[in-house]
>>> print(open('entry.cif').read())   # mmCIF, C-alpha atoms
data_coords
loop_
_atom_site.group_PDB
_atom_site.id
_atom_site.type_symbol
_atom_site.label_atom_id
_atom_site.label_comp_id
_atom_site.auth_asym_id
_atom_site.auth_seq_id
_atom_site.Cartn_x
_atom_site.Cartn_y
_atom_site.Cartn_z
ATOM 1 C CA ARG A 1 -86.423 -117.377 -239.915
ATOM 2 C CA VAL A 2 -87.016 -114.470 -237.543
ATOM 3 C CA ILE A 3 -86.991 -116.725 -234.484
ATOM 4 C CA GLU A 4 -83.775 -118.359 -235.686
ATOM 5 C CA GLU A 5 -82.094 -114.974 -236.137
ATOM 6 C CA VAL A 6 -83.163 -113.877 -232.659
ATOM 7 C CA LEU A 7 -81.837 -117.065 -231.086
ATOM 8 C CA GLU A 8 -78.524 -116.873 -232.967
ATOM 9 C CA TYR A 9 -77.922 -113.144 -232.367
ATOM 10 C CA ARG A 10 -74.734 -112.295 -230.458
ATOM 11 C CA PRO A 11 -74.506 -108.668 -229.243
ATOM 12 C CA GLN A 12 -71.425 -106.639 -230.055
ATOM 13 C CA TYR A 13 -71.688 -104.347 -227.023
ATOM 14 C CA ARG A 14 -72.762 -104.555 -223.375
ATOM 15 C CA GLY A 15 -75.877 -102.764 -222.243
ATOM 16 C CA THR A 16 -79.331 -102.346 -223.660
ATOM 17 C CA ASP A 17 -80.676 -99.307 -225.438
ATOM 18 C CA LEU A 18 -84.272 -99.964 -226.470
ATOM 19 C CA SER A 19 -84.721 -96.360 -227.496
ATOM 20 C CA ALA A 20 -82.273 -96.752 -230.418
ATOM 21 C CA PRO A 21 -84.289 -99.346 -232.393
ATOM 22 C CA LEU A 22 -87.525 -97.525 -231.536
ATOM 23 C CA LYS A 23 -86.128 -94.228 -232.827
ATOM 24 C CA TYR A 24 -84.983 -96.087 -235.956
ATOM 25 C CA ILE A 25 -88.495 -97.490 -236.486
ATOM 26 C CA ASN A 26 -89.983 -94.028 -235.980
ATOM 27 C CA ARG A 27 -87.578 -92.510 -238.490
ATOM 28 C CA VAL A 28 -87.611 -95.171 -241.219
ATOM 29 C CA LEU A 29 -91.056 -96.775 -241.318
ATOM 30 C CA ARG A 30 -93.550 -94.434 -242.946
ATOM 31 C CA ARG A 31 -96.603 -96.682 -243.307
ATOM 32 C CA LYS A 32 -98.375 -98.350 -240.410
ATOM 33 C CA THR A 33 -96.579 -101.607 -239.624
ATOM 34 C CA ILE A 34 -96.908 -104.462 -237.164
ATOM 35 C CA CYS A 35 -93.716 -104.344 -235.074
ATOM 36 C CA PHE A 36 -92.551 -106.999 -232.625
ATOM 37 C CA LEU A 37 -90.233 -105.674 -229.927
ATOM 38 C CA LEU A 38 -88.351 -108.521 -228.196
ATOM 39 C CA SER A 39 -86.683 -107.702 -224.885
ATOM 40 C CA ASP A 40 -86.568 -108.466 -221.192
ATOM 41 C CA PHE A 41 -87.686 -104.824 -220.751
ATOM 42 C CA LEU A 42 -85.373 -104.390 -217.779
ATOM 43 C CA ALA A 43 -83.803 -101.320 -219.390
ATOM 44 C CA SER A 44 -85.134 -97.822 -218.794
ATOM 45 C CA GLY A 45 -85.523 -94.663 -220.826
ATOM 46 C CA PHE A 46 -87.370 -96.210 -223.770
ATOM 47 C CA GLU A 47 -90.889 -95.060 -222.843
ATOM 48 C CA LYS A 48 -90.986 -91.861 -224.938
ATOM 49 C CA PRO A 49 -89.831 -93.439 -228.253
ATOM 50 C CA LEU A 50 -92.147 -96.389 -227.542
ATOM 51 C CA ARG A 51 -95.084 -93.999 -227.111
ATOM 52 C CA VAL A 52 -94.247 -92.368 -230.461
ATOM 53 C CA ALA A 53 -93.955 -95.772 -232.160
ATOM 54 C CA CYS A 54 -97.338 -96.823 -230.729
ATOM 55 C CA ARG A 55 -99.047 -93.842 -232.314
ATOM 56 C CA ARG A 56 -97.754 -94.832 -235.754
ATOM 57 C CA HIS A 57 -97.550 -98.610 -235.609
ATOM 58 C CA ASP A 58 -99.124 -101.719 -234.128
ATOM 59 C CA MET A 59 -96.539 -102.546 -231.469
ATOM 60 C CA ILE A 60 -96.385 -106.005 -229.906
ATOM 61 C CA ALA A 61 -94.075 -106.469 -226.932
ATOM 62 C CA VAL A 62 -92.510 -109.896 -226.537
ATOM 63 C CA THR A 63 -91.091 -110.125 -223.028
ATOM 64 C CA LEU A 64 -88.360 -112.738 -222.645
ATOM 65 C CA THR A 65 -87.913 -113.841 -219.032
ATOM 66 C CA ASP A 66 -85.398 -116.164 -217.452
ATOM 67 C CA PRO A 67 -86.952 -117.763 -214.340
ATOM 68 C CA ARG A 68 -83.793 -116.859 -212.406
ATOM 69 C CA GLU A 69 -84.677 -113.203 -212.970
ATOM 70 C CA VAL A 70 -87.935 -113.769 -211.092
ATOM 71 C CA LYS A 71 -86.996 -116.109 -208.249
ATOM 72 C CA ILE A 72 -83.649 -117.087 -206.726
ATOM 73 C CA PRO A 73 -83.371 -120.609 -205.289
ATOM 74 C CA ASN A 74 -81.909 -121.204 -201.825
ATOM 75 C CA VAL A 75 -78.472 -122.526 -202.831
ATOM 76 C CA GLY A 76 -76.120 -120.568 -200.579
ATOM 77 C CA PHE A 77 -73.586 -118.083 -201.924
ATOM 78 C CA ILE A 78 -73.700 -117.348 -205.640
ATOM 79 C CA GLU A 79 -71.653 -115.016 -207.795
ATOM 80 C CA LEU A 80 -73.745 -112.908 -210.160
ATOM 81 C CA GLU A 81 -72.697 -110.779 -213.099
ATOM 82 C CA ASP A 82 -74.791 -107.851 -214.259
ATOM 83 C CA ALA A 83 -75.235 -108.481 -217.982
ATOM 84 C CA GLU A 84 -75.568 -104.764 -218.642
ATOM 85 C CA THR A 85 -72.533 -103.463 -216.758
ATOM 86 C CA GLY A 86 -70.366 -106.536 -216.204
ATOM 87 C CA GLU A 87 -70.319 -105.827 -212.464
ATOM 88 C CA ILE A 88 -69.834 -108.971 -210.366
ATOM 89 C CA PHE A 89 -71.228 -109.372 -206.853
ATOM 90 C CA LEU A 90 -71.724 -112.100 -204.279
ATOM 91 C CA LEU A 91 -75.200 -112.945 -202.972
ATOM 92 C CA ASP A 92 -76.199 -115.185 -200.051
ATOM 93 C CA THR A 93 -79.386 -116.888 -201.246
ATOM 94 C CA ARG A 94 -79.911 -118.559 -197.856
ATOM 95 C CA ASP A 95 -81.188 -115.211 -196.549
ATOM 96 C CA GLU A 96 -85.003 -115.341 -196.829
ATOM 97 C CA SER A 97 -85.293 -111.538 -196.814
ATOM 98 C CA ILE A 98 -82.997 -111.290 -199.845
ATOM 99 C CA ARG A 99 -84.988 -113.917 -201.748
ATOM 100 C CA SER A 100 -88.358 -112.351 -200.890
ATOM 101 C CA SER A 101 -87.079 -108.852 -201.732
ATOM 102 C CA PHE A 102 -85.866 -110.177 -205.076
ATOM 103 C CA ILE A 103 -89.295 -111.696 -205.790
ATOM 104 C CA GLU A 104 -91.077 -108.463 -204.780
ATOM 105 C CA GLN A 105 -88.839 -106.349 -207.030
ATOM 106 C CA ALA A 106 -89.342 -108.688 -209.981
ATOM 107 C CA ASP A 107 -93.115 -108.673 -209.448
ATOM 108 C CA SER A 108 -93.152 -104.890 -209.159
ATOM 109 C CA LYS A 109 -91.219 -104.547 -212.434
ATOM 110 C CA ARG A 110 -93.626 -106.983 -214.127
ATOM 111 C CA GLN A 111 -96.646 -104.996 -212.914
ATOM 112 C CA GLN A 112 -95.115 -101.670 -213.995
ATOM 113 C CA ARG A 113 -94.339 -103.120 -217.421
ATOM 114 C CA GLY A 114 -97.928 -104.394 -217.715
ATOM 115 C CA LYS A 115 -99.320 -100.963 -216.784
ATOM 116 C CA LEU A 116 -97.022 -99.282 -219.299
ATOM 117 C CA PHE A 117 -98.106 -101.608 -222.110
ATOM 118 C CA LYS A 118 -101.772 -101.245 -221.179
ATOM 119 C CA SER A 119 -101.526 -97.440 -221.058
ATOM 120 C CA MET A 120 -100.087 -97.468 -224.590
ATOM 121 C CA ASN A 121 -102.503 -100.141 -225.838
ATOM 122 C CA ILE A 122 -99.633 -102.521 -226.638
ATOM 123 C CA ASP A 123 -100.337 -106.217 -227.017
ATOM 124 C CA SER A 124 -97.823 -108.379 -225.218
ATOM 125 C CA ILE A 125 -96.550 -111.934 -225.155
ATOM 126 C CA ASP A 126 -94.661 -113.388 -222.192
ATOM 127 C CA ILE A 127 -92.081 -116.024 -223.064
ATOM 128 C CA TYR A 128 -90.046 -117.870 -220.441
ATOM 129 C CA THR A 129 -86.655 -119.258 -221.380
ATOM 130 C CA ASP A 130 -87.264 -122.545 -219.579
ATOM 131 C CA GLN A 131 -90.479 -123.302 -221.503
ATOM 132 C CA PRO A 132 -91.299 -123.843 -225.173
ATOM 133 C CA TYR A 133 -92.238 -120.584 -226.916
ATOM 134 C CA ILE A 134 -94.676 -122.085 -229.437
ATOM 135 C CA GLU A 135 -97.728 -122.253 -227.129
ATOM 136 C CA PRO A 136 -97.588 -118.609 -225.915
ATOM 137 C CA LEU A 137 -97.183 -117.450 -229.527
ATOM 138 C CA MET A 138 -100.060 -119.609 -230.782
ATOM 139 C CA ARG A 139 -102.313 -118.460 -227.912
ATOM 140 C CA PHE A 140 -101.511 -114.826 -228.696
ATOM 141 C CA PHE A 141 -102.289 -115.166 -232.405
ATOM 142 C CA ARG A 142 -105.530 -117.086 -231.742
ATOM 143 C CA LEU A 143 -106.746 -114.380 -229.320
ATOM 144 C CA ARG A 144 -105.675 -111.630 -231.668
ATOM 145 C CA ALA A 145 -107.457 -113.259 -234.611
ATOM 146 C CA LYS A 146 -110.705 -113.408 -232.582
ATOM 147 C CA ARG A 147 -110.339 -109.760 -231.581
ATOM 148 C CA PHE A 148 -109.832 -108.507 -235.137
ATOM 149 C CA ARG A 149 -112.681 -110.474 -236.748
#
>>> encode(input="entry.cif", output="structure tokens")
Amino acid sequence: RVIEEVLEYRPQYRGTDLSAPLKYINRVLRRKTICFLLSDFLASGFEKPLRVACRRHDMIAVTLTDPREVKIPNVGFIELEDAETGEIFLLDTRDESIRSSFIEQADSKRQQRGKLFKSMNIDSIDIYTDQPYIEPLMRFFRLRAKRFR
């Protein structure tokens, strides 16, 4: 049911504010709870409420990644829209330096996110939108079950 609700969700507003649901969790949930936070984690400014939530709860980060956010194919000019701001810009994907810069930035963000989660002792699951999500979830729960035995 939870997965279905996530897949069917349609946002009412543009932009991402991860701090809002984290502040809500910190305010409402009194007893220790297992919390799954699903996001692409491309937003910023959520670190402090996440740190607070980690002290109270067992936080599990589920990172949803579209492969096009990691690597751009060489297809010539493409028009991109920033999902957060609605800004539209034109990009020439034939330029190798643009493609490699894009890959480096995506890798840097992934590494920073990994360091952040590790520093807060947050378990994480990486799910890619072009692959089935069942196997990464099953792998995570099997490893977690072994760890907590």
>>> residues_around(input="entry.cif", residues="Lys71 (chain A)", least_positions_apart="3", cutoff="12 Å", atoms="all atoms listed in the file", output="number ranges by chain")
A: 65-68, 74-75, 93, 96, 98-107
>>> residues_around(input="entry.cif", residues="region 120-136 of chain A", least_positions_apart="4", cutoff="6 Å", atoms="all atoms listed in the file", output="list in words")
Met59, Ile60, Ala61, Val62, Thr63, Leu64, Thr65 and Asp66 of chain A
>>> residues_around(input="entry.cif", residues="Lys23 (chain A)", least_positions_apart="2", cutoff="9 Å", atoms="all atoms listed in the file", output="PyMOL selection string")
chain A and resi 18-21+25-28+49-50+52-53
>>> write_last_selection(input="entry.cif", atoms="C-alpha atoms", output="PDB file, in the coordinates of the input")
ATOM      1  CA  LEU A  18     -84.272 -99.964-226.470  1.00  0.00           C
ATOM      2  CA  SER A  19     -84.721 -96.360-227.496  1.00  0.00           C
ATOM      3  CA  ALA A  20     -82.273 -96.752-230.418  1.00  0.00           C
ATOM      4  CA  PRO A  21     -84.289 -99.346-232.393  1.00  0.00           C
ATOM      5  CA  ILE A  25     -88.495 -97.490-236.486  1.00  0.00           C
ATOM      6  CA  ASN A  26     -89.983 -94.028-235.980  1.00  0.00           C
ATOM      7  CA  ARG A  27     -87.578 -92.510-238.490  1.00  0.00           C
ATOM      8  CA  VAL A  28     -87.611 -95.171-241.219  1.00  0.00           C
ATOM      9  CA  PRO A  49     -89.831 -93.439-228.253  1.00  0.00           C
ATOM     10  CA  LEU A  50     -92.147 -96.389-227.542  1.00  0.00           C
ATOM     11  CA  VAL A  52     -94.247 -92.368-230.461  1.00  0.00           C
ATOM     12  CA  ALA A  53     -93.955 -95.772-232.160  1.00  0.00           C
TER      13      ALA A  53
END
>>> resolve_selection(input="entry.cif", expression="the PyMOL selection byres ((chain A and resi 92) around 6)", output="PyMOL selection string")
chain A and resi 76-77+91+93-94
>>> atom_distance(input="entry.cif", atom1="CA of Arg30 (chain A)", atom2="CA of Leu7 (chain A)")
28.1 Å
>>> atom_distance(input="entry.cif", atom1="CA of Ser44 (chain A)", atom2="CA of Arg139 (chain A)")
28.4 Å
>>> resolve_selection(input="entry.cif", expression="the PyMOL selection byres ((chain A and resi 42) around 12)", output="list in words")
Gly15, Thr16, Asp17, Leu18, Leu38, Ser39, Asp40, Phe41, Ala43, Ser44, Gly45, Phe46, Glu47, Thr63, Leu64, Thr65, Asp66, Glu69, Val70, Asp82, Ala83, Glu84, Gln105, Ala106, Ser108, Lys109, Arg110, Gln112 and Arg113 of chain A
>>> residues_around(input="entry.cif", residues="His57 (chain A)", least_positions_apart="4", cutoff="7 Å", atoms="only C-alpha atoms", output="list in words")
Lys32, Thr33, Ile34, Cys35 and Ala53 of chain A
>>> write_last_selection(input="entry.cif", atoms="C-alpha atoms", output="PDB file, in the frame of the given file")
ATOM      1  CA  LYS A  32     -98.375 -98.350-240.410  1.00  0.00           C
ATOM      2  CA  THR A  33     -96.579-101.607-239.624  1.00  0.00           C
ATOM      3  CA  ILE A  34     -96.908-104.462-237.164  1.00  0.00           C
ATOM      4  CA  CYS A  35     -93.716-104.344-235.074  1.00  0.00           C
ATOM      5  CA  ALA A  53     -93.955 -95.772-232.160  1.00  0.00           C
TER       6      ALA A  53
END
>>> atom_distance(input="entry.cif", atom1="CA of Ile3 (chain A)", atom2="CA of Phe36 (chain A)")
11.4 Å
>>> resolve_selection(input="entry.cif", expression="the PyMOL selection byres ((chain A and resi 80) around 8)", output="short mmCIF file (atom, residue, chain, number, x, y, z; two decimals) with C-alpha atoms, in the coordinates of the input")
data_model
loop_
_atom_site.label_atom_id
_atom_site.label_comp_id
_atom_site.auth_asym_id
_atom_site.auth_seq_id
_atom_site.Cartn_x
_atom_site.Cartn_y
_atom_site.Cartn_z
CA ILE A 78 -73.70 -117.35 -205.64
CA GLU A 79 -71.65 -115.02 -207.80
CA GLU A 81 -72.70 -110.78 -213.10
CA ASP A 82 -74.79 -107.85 -214.26
CA ILE A 88 -69.83 -108.97 -210.37
CA PHE A 89 -71.23 -109.37 -206.85
CA LEU A 90 -71.72 -112.10 -204.28
CA LEU A 91 -75.20 -112.94 -202.97
#
